[in-house]
Structure formats: structure tokens, C-alpha cells
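Peer 1: Take this structure, written in C-alpha cells, and hold onto it; I'll ask about it next.
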Amino acid sequence: MSYQTITVHYKNSIANLTLNRPEVRNAMSARMIHEITDTFLDLHNNPDIRVIVLSGNGTSFCAGVDLQLMKEYGQMSWEENVESGNELEKMYQAVDLCSKAVVGKIHGHAFGGGFGLCTVCDIVVADKNTTFCLSEVLIGIIPAVIGPYSVRKIGYSHFRALGISGKRFDGKYAGQIGLVHYVVQEDELDTTTDSVVNQLLKASPKAIAHFKEYSRNMDKINSAELLADLRASEEGQEGLSAFLEKRRPSWED
């Protein structure tokens, strides 16, 4: 597949998806939004991929949605304006609902929509000097599309405080509120991300997919039935046998 705004590199069962508009700090254009959406939908159904690492090329992870694009949306018809918001929602849904483990590798800036991408990653590793911001109110709008994902990740109280103020904060604070899971020195970003990926590769691919679905819908899922299905599944039997036999399961080979 040919891309204009992202790059995708594969290594074994890992897909590295990199935002690639460094000249504008990887601000999301309409093309980028569609490319991210389509790629995550493809990876969701790719049996050869187990982990996706999401990062940004250049000095920043993502400065949010391109402001010129946002202004143009506001000058479109009502229907076109609403549809643009729907396209953005589809992108976040594609990342959030992806059956693969998604690791965010964050540096530089994560503003607005870039902040939103952090909220839909399963695990986030960030340079401690990264600047984060829910900046929408500073330009006359609000973080409406990413609101539900943000509340689920950092809680209503932090979302309310950060969303109403547009205050910038660093990686340390991002770790304190649960947006980031590993806050590291700049020169540790690669090695820590690799360590996280290696840990994820120890887990059953189907168990990861089931866990992600369960964590989103645990109030609606019959836990006993799910556990029974997984225990009886091929990977469940293999994992239990491997543990009892003191060997590595087949998915680690």
C-alpha cells in the first residue's frame, strides 16, 4: 500500500506505524486521518501482526489536527462539517477497537488530536520532556470527539480540568494522571518501547484480543462463559500445557 502521510514498516510480527508530516509536527490532515484509519483496520484483521507501535517522525509525535483544515471544515456546509467529525471519530475507533496490542511511542508534542491518540493506545511510553495539551479551548473549540476516550483513560476530573484550561504539562504529570505508563529519558525511549513490545510478545495473541474486548465491555460480558471458552480454546490449552510442562508456548517460538 502507498502512503503519503504515514510510513508502515514490518518486522516479524510487529508493525511500526509512523506519522510522517514532520514539517508541521505531524499535524493530521484529512489524508492522514484516512490513512491511519485504513491501516489500523487492515492490521486488525492481519493474523501475522501482534503488536503495533505508533510514533511520529521528526521533532514531535503529533500536534493535533491541522488547524488550516479545521478552519476549512468550519466553512463547509453543515453536512460536510459534521461528516469531517465522523471521519475523525472513525480513526479513533479504528485504533481503539484494534485487536492488536497498540503501543504509543511519544515525544516532542502531543496536542489536541495527538493527545487523543495517546488515549486509545494500550500502553504509552513517553519522553519525560514531551509537552501534552488538550488545547482545543484555546482556539475556540472543544475536545469533543476524543472526550469519551480521554475520560476513560485519565478520568473525568483530570479531563475537566485540562479540557477547560488548555494547560500544557510534561511527561511526569502525564504519568501521574495515567495518560502515560512509562516516563523515560529521551535516550531511553527506544529501549523501553522495545522492552514493552517484547513483553507483549510473550502473551497469547488471541488472549490479548479477547482481553481488549473484555476491558471495553466487561459489564455486558458473561465472564464465566468467556473464561470457559478461553480455557477450552487451542491457545488456552497450549498456554496451560506450556506452563505445566515448564516450556515456552508456541506463540513465543
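Every chain in the C-alpha cells has a letter given in the order shown (A, B, ...), and although residue numbers restart at 1 in each chain, ligands are simply numbered from 1 in the order shown.
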So which residues touch A:Asp194 within 12 Å, counting only C-alpha atoms, skipping near sequence neighbours fewer than 4 positions away, as an mmCIF file with N, CA and C atoms, in the first residue's frame?

Peer 2:
data_model
loop_
_atom_site.group_PDB
_atom_site.id
_atom_site.type_symbol
_atom_site.label_atom_id
_atom_site.label_comp_id
_atom_site.auth_asym_id
_atom_site.auth_seq_id
_atom_site.Cartn_x
_atom_site.Cartn_y
_atom_site.Cartn_z
ATOM 1 N N ILE A 14 5.648 -7.403 14.247
ATOM 2 C CA ILE A 14 5.479 -6.025 14.740
ATOM 3 C C ILE A 14 5.287 -5.077 13.567
ATOM 4 N N ASN A 16 5.324 -1.090 12.691
ATOM 5 C CA ASN A 16 5.697 0.251 13.156
ATOM 6 C C ASN A 16 5.018 1.282 12.256
ATOM 7 N N VAL A 51 1.700 -6.801 17.406
ATOM 8 C CA VAL A 51 1.897 -5.538 18.129
ATOM 9 C C VAL A 51 2.063 -4.417 17.111
ATOM 10 N N ILE A 52 1.457 -3.274 17.412
ATOM 11 C CA ILE A 52 1.601 -2.074 16.590
ATOM 12 C C ILE A 52 2.254 -0.986 17.435
ATOM 13 N N VAL A 53 3.333 -0.401 16.930
ATOM 14 C CA VAL A 53 3.987 0.718 17.607
ATOM 15 C C VAL A 53 3.651 1.984 16.826
ATOM 16 N N VAL A 103 1.053 0.202 21.072
ATOM 17 C CA VAL A 103 1.992 0.901 21.947
ATOM 18 C C VAL A 103 2.282 2.276 21.369
ATOM 19 N N GLY A 104 2.025 3.319 22.154
ATOM 20 C CA GLY A 104 2.350 4.673 21.728
ATOM 21 C C GLY A 104 3.755 5.041 22.167
ATOM 22 N N LYS A 105 4.542 5.527 21.231
ATOM 23 C CA LYS A 105 5.925 5.953 21.497
ATOM 24 C C LYS A 105 5.957 7.460 21.263
ATOM 25 N N VAL A 125 4.511 4.946 26.110
ATOM 26 C CA VAL A 125 5.864 5.255 26.580
ATOM 27 C C VAL A 125 6.186 6.656 26.086
ATOM 28 N N GLU A 188 16.211 6.801 26.416
ATOM 29 C CA GLU A 188 15.665 5.513 26.843
ATOM 30 C C GLU A 188 14.362 5.165 26.119
ATOM 31 N N LEU A 189 13.905 6.058 25.249
ATOM 32 C CA LEU A 189 12.600 5.871 24.609
ATOM 33 C C LEU A 189 12.568 4.601 23.760
ATOM 34 N N ASP A 190 13.593 4.395 22.966
ATOM 35 C CA ASP A 190 13.617 3.214 22.096
ATOM 36 C C ASP A 190 13.733 1.922 22.891
ATOM 37 N N ASN A 198 8.507 -6.571 23.662
ATOM 38 C CA ASN A 198 8.957 -7.938 23.942
ATOM 39 C C ASN A 198 8.087 -8.616 24.999
ATOM 40 N N GLN A 199 7.644 -7.854 25.981
ATOM 41 C CA GLN A 199 6.747 -8.419 26.997
ATOM 42 C C GLN A 199 5.407 -8.797 26.380
ATOM 43 N N LEU A 200 4.899 -7.952 25.496
ATOM 44 C CA LEU A 200 3.622 -8.230 24.847
ATOM 45 C C LEU A 200 3.694 -9.476 23.969
ATOM 46 N N LEU A 201 4.846 -9.720 23.377
ATOM 47 C CA LEU A 201 5.002 -10.880 22.505
ATOM 48 C C LEU A 201 5.009 -12.195 23.282
#

Peer 1: Give the strand (DSSP E or B) residues of stretch 24-66 of chain A, as assigned by DSSP on the backbone, as a VMD selection string.

Peer 2: chain A and resid 28 51 to 56 62 65

Peer 1: Store the residues of this selection in a file with N, CA and C atoms, as a compact mmCIF listing (two decimals), in the first residue's frame.

Peer 2:
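again_18.txt written:
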# COMPACT_ATOMS: atom_id res chain seq x y z
N MET A 28 -2.45 16.40 11.78
CA MET A 28 -3.23 15.45 11.00
C MET A 28 -4.05 16.14 9.91
N VAL A 51 1.70 -6.80 17.41
CA VAL A 51 1.90 -5.54 18.13
C VAL A 51 2.06 -4.42 17.11
N ILE A 52 1.46 -3.27 17.41
CA ILE A 52 1.60 -2.07 16.59
C ILE A 52 2.25 -0.99 17.43
N VAL A 53 3.33 -0.40 16.93
CA VAL A 53 3.99 0.72 17.61
C VAL A 53 3.65 1.98 16.83
N LEU A 54 3.00 2.93 17.49
CA LEU A 54 2.58 4.19 16.88
C LEU A 54 3.51 5.30 17.33
N SER A 55 4.15 5.99 16.39
CA SER A 55 5.10 7.05 16.73
C SER A 55 5.02 8.17 15.70
N GLY A 56 5.86 9.18 15.88
CA GLY A 56 5.88 10.31 14.96
C GLY A 56 7.28 10.62 14.48
N CYS A 62 2.70 14.37 17.56
CA CYS A 62 1.55 14.87 16.80
C CYS A 62 1.03 16.15 17.43
N VAL A 65 -4.93 17.97 15.00
CA VAL A 65 -5.49 18.11 13.66
C VAL A 65 -5.01 19.43 13.06

Peer 1: Quick one: of A:Ser215, A:Ser77, A:Asn26, A:Thr37, who's nearest to A:Asp122, counting only C-alpha atoms?

Peer 2: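 The shortest atom-to-atom distance to A:Asp122 comes from A:Ser215.
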
Peer 1: Could you tell me, as a ChimeraX atom specification, which residues of stretch 169-243 of chain A DSSP assigns to helix (DSSP H, G or I) when given the backbone?

Peer 2: /A:171-176,186-200,205-217,223-232,234-243

Peer 1: Just write the chosen residues, N, CA and C atoms, as a compact mmCIF listing (two decimals), in the first residue's frame.

Peer 2:
# COMPACT_ATOMS: atom_id res chain seq x y z
N GLY A 171 5.72 15.13 30.72
CA GLY A 171 5.57 13.68 30.82
C GLY A 171 5.36 13.20 32.24
N LYS A 172 6.00 13.84 33.19
CA LYS A 172 5.84 13.43 34.59
C LYS A 172 4.39 13.54 35.03
N TYR A 173 3.76 14.67 34.71
CA TYR A 173 2.35 14.84 35.08
C TYR A 173 1.46 13.89 34.29
N ALA A 174 1.82 13.66 33.02
CA ALA A 174 1.06 12.71 32.20
C ALA A 174 1.08 11.32 32.83
N GLY A 175 2.21 10.97 33.42
CA GLY A 175 2.30 9.69 34.12
C GLY A 175 1.45 9.66 35.37
N GLN A 176 1.41 10.77 36.08
CA GLN A 176 0.64 10.84 37.32
C GLN A 176 -0.85 10.69 37.08
N GLU A 186 14.98 10.80 27.19
CA GLU A 186 14.92 10.76 25.73
C GLU A 186 15.71 9.58 25.16
N ASP A 187 16.89 9.33 25.72
CA ASP A 187 17.72 8.26 25.18
C ASP A 187 17.27 6.87 25.61
N GLU A 188 16.21 6.80 26.42
CA GLU A 188 15.67 5.51 26.84
C GLU A 188 14.36 5.17 26.12
N LEU A 189 13.91 6.06 25.25
CA LEU A 189 12.60 5.87 24.61
C LEU A 189 12.57 4.60 23.76
N ASP A 190 13.59 4.40 22.97
CA ASP A 190 13.62 3.21 22.10
C ASP A 190 13.73 1.92 22.89
N THR A 191 14.66 1.89 23.84
CA THR A 191 14.89 0.65 24.58
C THR A 191 13.70 0.28 25.45
N THR A 192 13.05 1.28 26.05
CA THR A 192 11.88 0.99 26.87
C THR A 192 10.72 0.50 26.01
N THR A 193 10.53 1.13 24.86
CA THR A 193 9.48 0.67 23.95
C THR A 193 9.74 -0.76 23.50
N ASP A 194 10.98 -1.07 23.17
CA ASP A 194 11.34 -2.44 22.77
C ASP A 194 11.05 -3.43 23.90
N SER A 195 11.33 -3.03 25.13
CA SER A 195 11.08 -3.90 26.28
C SER A 195 9.59 -4.17 26.44
N VAL A 196 8.78 -3.14 26.26
CA VAL A 196 7.33 -3.29 26.35
C VAL A 196 6.82 -4.23 25.26
N VAL A 197 7.33 -4.04 24.04
CA VAL A 197 6.91 -4.89 22.92
C VAL A 197 7.30 -6.34 23.19
N ASN A 198 8.51 -6.57 23.66
CA ASN A 198 8.96 -7.94 23.94
C ASN A 198 8.09 -8.62 25.00
N GLN A 199 7.64 -7.85 25.98
CA GLN A 199 6.75 -8.42 27.00
C GLN A 199 5.41 -8.80 26.38
N LEU A 200 4.90 -7.95 25.50
CA LEU A 200 3.62 -8.23 24.85
C LEU A 200 3.69 -9.48 23.97
N PRO A 205 -1.75 -14.16 21.42
CA PRO A 205 -2.38 -13.15 20.57
C PRO A 205 -3.90 -13.10 20.73
N LYS A 206 -4.54 -14.26 20.78
CA LYS A 206 -6.00 -14.28 20.92
C LYS A 206 -6.43 -13.82 22.30
N ALA A 207 -5.62 -14.12 23.31
CA ALA A 207 -5.95 -13.66 24.66
C ALA A 207 -5.90 -12.13 24.72
N ILE A 208 -4.92 -11.54 24.05
CA ILE A 208 -4.83 -10.08 24.01
C ILE A 208 -6.08 -9.50 23.35
N ALA A 209 -6.47 -10.07 22.22
CA ALA A 209 -7.66 -9.57 21.52
C ALA A 209 -8.91 -9.70 22.39
N HIS A 210 -9.05 -10.85 23.06
CA HIS A 210 -10.21 -11.06 23.93
C HIS A 210 -10.16 -10.11 25.14
N PHE A 211 -8.96 -9.90 25.69
CA PHE A 211 -8.85 -9.02 26.85
C PHE A 211 -9.25 -7.60 26.48
N LYS A 212 -8.82 -7.13 25.30
CA LYS A 212 -9.17 -5.77 24.90
C LYS A 212 -10.68 -5.60 24.76
N GLU A 213 -11.31 -6.61 24.15
CA GLU A 213 -12.78 -6.55 24.03
C GLU A 213 -13.44 -6.62 25.40
N TYR A 214 -12.93 -7.48 26.26
CA TYR A 214 -13.50 -7.63 27.61
C TYR A 214 -13.36 -6.33 28.40
N SER A 215 -12.20 -5.70 28.33
CA SER A 215 -11.97 -4.48 29.12
C SER A 215 -12.88 -3.34 28.71
N ARG A 216 -13.32 -3.36 27.44
CA ARG A 216 -14.25 -2.33 26.96
C ARG A 216 -15.70 -2.65 27.32
N ASN A 217 -16.01 -3.94 27.46
CA ASN A 217 -17.41 -4.34 27.61
C ASN A 217 -17.65 -5.28 28.79
N SER A 223 -18.62 -13.33 32.19
CA SER A 223 -17.22 -13.65 32.44
C SER A 223 -16.97 -15.15 32.54
N ALA A 224 -17.89 -15.87 33.17
CA ALA A 224 -17.72 -17.32 33.33
C ALA A 224 -17.72 -18.01 31.98
N GLU A 225 -18.62 -17.59 31.10
CA GLU A 225 -18.69 -18.20 29.77
C GLU A 225 -17.45 -17.87 28.96
N LEU A 226 -17.00 -16.62 29.05
CA LEU A 226 -15.79 -16.23 28.32
C LEU A 226 -14.59 -17.03 28.79
N LEU A 227 -14.42 -17.14 30.10
CA LEU A 227 -13.29 -17.89 30.64
C LEU A 227 -13.35 -19.36 30.23
N ALA A 228 -14.56 -19.93 30.23
CA ALA A 228 -14.72 -21.31 29.82
C ALA A 228 -14.31 -21.50 28.36
N ASP A 229 -14.72 -20.56 27.51
CA ASP A 229 -14.35 -20.62 26.09
C ASP A 229 -12.84 -20.55 25.91
N LEU A 230 -12.20 -19.66 26.66
CA LEU A 230 -10.76 -19.48 26.50
C LEU A 230 -9.98 -20.66 27.04
N ARG A 231 -10.42 -21.23 28.15
CA ARG A 231 -9.75 -22.41 28.69
C ARG A 231 -9.79 -23.57 27.71
N ALA A 232 -10.92 -23.68 27.01
CA ALA A 232 -11.09 -24.79 26.07
C ALA A 232 -10.49 -24.51 24.69
N GLU A 234 -7.75 -23.50 21.64
CA GLU A 234 -6.44 -24.06 21.28
C GLU A 234 -5.31 -23.33 22.00
N GLU A 235 -5.36 -21.99 22.00
CA GLU A 235 -4.29 -21.23 22.67
C GLU A 235 -4.38 -21.37 24.18
N GLY A 236 -5.59 -21.46 24.71
CA GLY A 236 -5.74 -21.66 26.15
C GLY A 236 -5.13 -22.97 26.60
N GLN A 237 -5.42 -24.04 25.86
CA GLN A 237 -4.86 -25.35 26.19
C GLN A 237 -3.34 -25.37 26.02
N GLU A 238 -2.87 -24.70 24.98
CA GLU A 238 -1.42 -24.64 24.75
C GLU A 238 -0.73 -23.86 25.86
N GLY A 239 -1.30 -22.73 26.26
CA GLY A 239 -0.69 -21.92 27.32
C GLY A 239 -0.63 -22.65 28.65
N LEU A 240 -1.72 -23.31 29.00
CA LEU A 240 -1.75 -24.06 30.26
C LEU A 240 -0.78 -25.24 30.23
N SER A 241 -0.73 -25.94 29.10
CA SER A 241 0.20 -27.06 28.97
C SER A 241 1.65 -26.60 29.06
N ALA A 242 1.94 -25.49 28.38
CA ALA A 242 3.31 -24.97 28.39
C ALA A 242 3.75 -24.60 29.81
N PHE A 243 2.85 -23.97 30.57
CA PHE A 243 3.19 -23.60 31.95
C PHE A 243 3.44 -24.85 32.79

Peer 1: Closest to A:Ala110 among A:Arg50, A:Arg160, A:Arg25, A:Arg152, using only C-alpha atoms?

Peer 2: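 Residue with the minimum atom-to-atom distance to A:Ala110: A:Arg25.
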
Peer 1: Looking at A:Val102, A:His109, A:Val95, A:His9, which one is nearest to A:Pro22, with distances taken over only C-alpha atoms?

Peer 2: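 The answer is A:His109, which sits nearest to A:Pro22.
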
Peer 1: Tell me which of A:Arg247, A:His158, A:His107, A:Lys90 sits closest to A:Thr59, counting only C-alpha atoms.

Peer 2: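 Of the candidates, the smallest distance to A:Thr59 is held by A:His107.
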
Peer 1: Suppose you want the space between atom CA of A:Val145 and atom CA of A:Val24; what is it in Å?

Peer 2: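 Spanning atom CA of A:Val145 to atom CA of A:Val24 is a straight-line distance of 21.9 Å.
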
Peer 1: Which residues are near A:Asp253? Cut-off 12 Å, only C-alpha atoms, ignore same chain within fewer than 2 positions. Put them as a list in words.

Peer 2: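 Here the qualifying residues turn out to be Asn12, Ser13, Leu201, Lys202, Ala203, Ser204, Arg247, Arg248, Pro249, Ser250 and Trp251 of chain A.
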
Peer 1: Let's have the selection written as a CSV table (one decimal), in the first residue's frame, with C-alpha atoms.

Peer 2:
chain,number,residue,atom,x,y,z
A,12,ASN,CA,8.4,-10.1,12.2
A,13,SER,CA,5.1,-9.7,13.9
A,201,LEU,CA,5.0,-10.9,22.5
A,202,LYS,CA,5.0,-13.3,25.4
A,203,ALA,CA,1.2,-13.2,25.6
A,204,SER,CA,-1.3,-15.2,23.6
A,247,ARG,CA,8.3,-24.7,28.4
A,248,ARG,CA,7.6,-21.7,26.2
A,249,PRO,CA,4.2,-21.6,24.5
A,250,SER,CA,4.1,-22.0,20.7
A,251,TRP,CA,3.4,-18.3,20.1

Peer 1: Near A:Ile6, within 10 Å and counting only C-alpha atoms, which residues show up once chain neighbours fewer than 6 positions away are dropped, as number ranges by chain?

Peer 2: A: 17-21, 26, 31-33, 35-36, 39, 55-57

Peer 1: What is the atom CA of A:Ile164-atom CA of A:Gly178 distance in Å, reported with one decimal?

Peer 2: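 Between atom CA of A:Ile164 and atom CA of A:Gly178 the gap works out to 18.6 Å.
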
Peer 1: Grab the atom CA of A:Ala94 to atom CA of A:Asp42 distance for me, in Å with one decimal place.

Peer 2: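 Distance between the two atoms: 9.6 Å.
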
Peer 1: Name the closest residue to A:Asn129 among the candidates A:Trp78, A:Phe169, A:Phe111, A:Tyr10; distances are taken between atoms, counting only C-alpha atoms.

Peer 2: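 Once distances to A:Asn129 are computed over only C-alpha atoms, the minimum belongs to A:Phe169.
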
Peer 1: A:Gln68: which residues within 12 Å, counting only C-alpha atoms, same-chain residues fewer than 3 positions away excluded, as a list in words?

Peer 2: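 Within the cut-off, the hits are Val24, Ala27, Met28, Ser29, Ala30, Gly64, Val65, Lys71, Glu72, Tyr73, Gly74, Gln75 and Ile139 of chain A.
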
Peer 1: Let's have the selection written as an mmCIF file, in the first residue's frame, with N, CA and C atoms.

Peer 2:
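What landed in part29.cif:
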data_model
loop_
_atom_site.group_PDB
_atom_site.id
_atom_site.type_symbol
_atom_site.label_atom_id
_atom_site.label_comp_id
_atom_site.auth_asym_id
_atom_site.auth_seq_id
_atom_site.Cartn_x
_atom_site.Cartn_y
_atom_site.Cartn_z
ATOM 1 N N VAL A 24 5.191 19.880 9.779
ATOM 2 C CA VAL A 24 4.111 20.533 10.537
ATOM 3 C C VAL A 24 3.868 19.786 11.853
ATOM 4 N N ALA A 27 0.946 17.279 12.251
ATOM 5 C CA ALA A 27 -0.465 17.674 12.343
ATOM 6 C C ALA A 27 -1.263 16.817 11.371
ATOM 7 N N MET A 28 -2.448 16.396 11.781
ATOM 8 C CA MET A 28 -3.235 15.449 10.995
ATOM 9 C C MET A 28 -4.048 16.137 9.905
ATOM 10 N N SER A 29 -3.721 15.814 8.663
ATOM 11 C CA SER A 29 -4.511 16.252 7.525
ATOM 12 C C SER A 29 -5.640 15.259 7.299
ATOM 13 N N ALA A 30 -6.571 15.583 6.393
ATOM 14 C CA ALA A 30 -7.643 14.648 6.065
ATOM 15 C C ALA A 30 -7.056 13.358 5.514
ATOM 16 N N GLY A 64 -1.746 17.546 16.711
ATOM 17 C CA GLY A 64 -3.202 17.604 16.627
ATOM 18 C C GLY A 64 -3.671 17.657 15.194
ATOM 19 N N VAL A 65 -4.932 17.975 15.005
ATOM 20 C CA VAL A 65 -5.490 18.107 13.656
ATOM 21 C C VAL A 65 -5.011 19.428 13.059
ATOM 22 N N LYS A 71 -10.189 25.031 10.100
ATOM 23 C CA LYS A 71 -10.838 26.264 9.652
ATOM 24 C C LYS A 71 -11.660 26.017 8.391
ATOM 25 N N GLU A 72 -11.102 25.214 7.478
ATOM 26 C CA GLU A 72 -11.819 24.899 6.247
ATOM 27 C C GLU A 72 -13.089 24.102 6.539
ATOM 28 N N TYR A 73 -13.007 23.182 7.503
ATOM 29 C CA TYR A 73 -14.198 22.423 7.880
ATOM 30 C C TYR A 73 -15.313 23.361 8.328
ATOM 31 N N GLY A 74 -14.933 24.383 9.094
ATOM 32 C CA GLY A 74 -15.930 25.318 9.612
ATOM 33 C C GLY A 74 -16.583 26.156 8.539
ATOM 34 N N GLN A 75 -15.980 26.212 7.354
ATOM 35 C CA GLN A 75 -16.525 26.998 6.242
ATOM 36 C C GLN A 75 -17.306 26.141 5.250
ATOM 37 N N ILE A 139 -8.397 27.649 20.964
ATOM 38 C CA ILE A 139 -8.670 28.075 19.597
ATOM 39 C C ILE A 139 -10.169 28.097 19.315
#
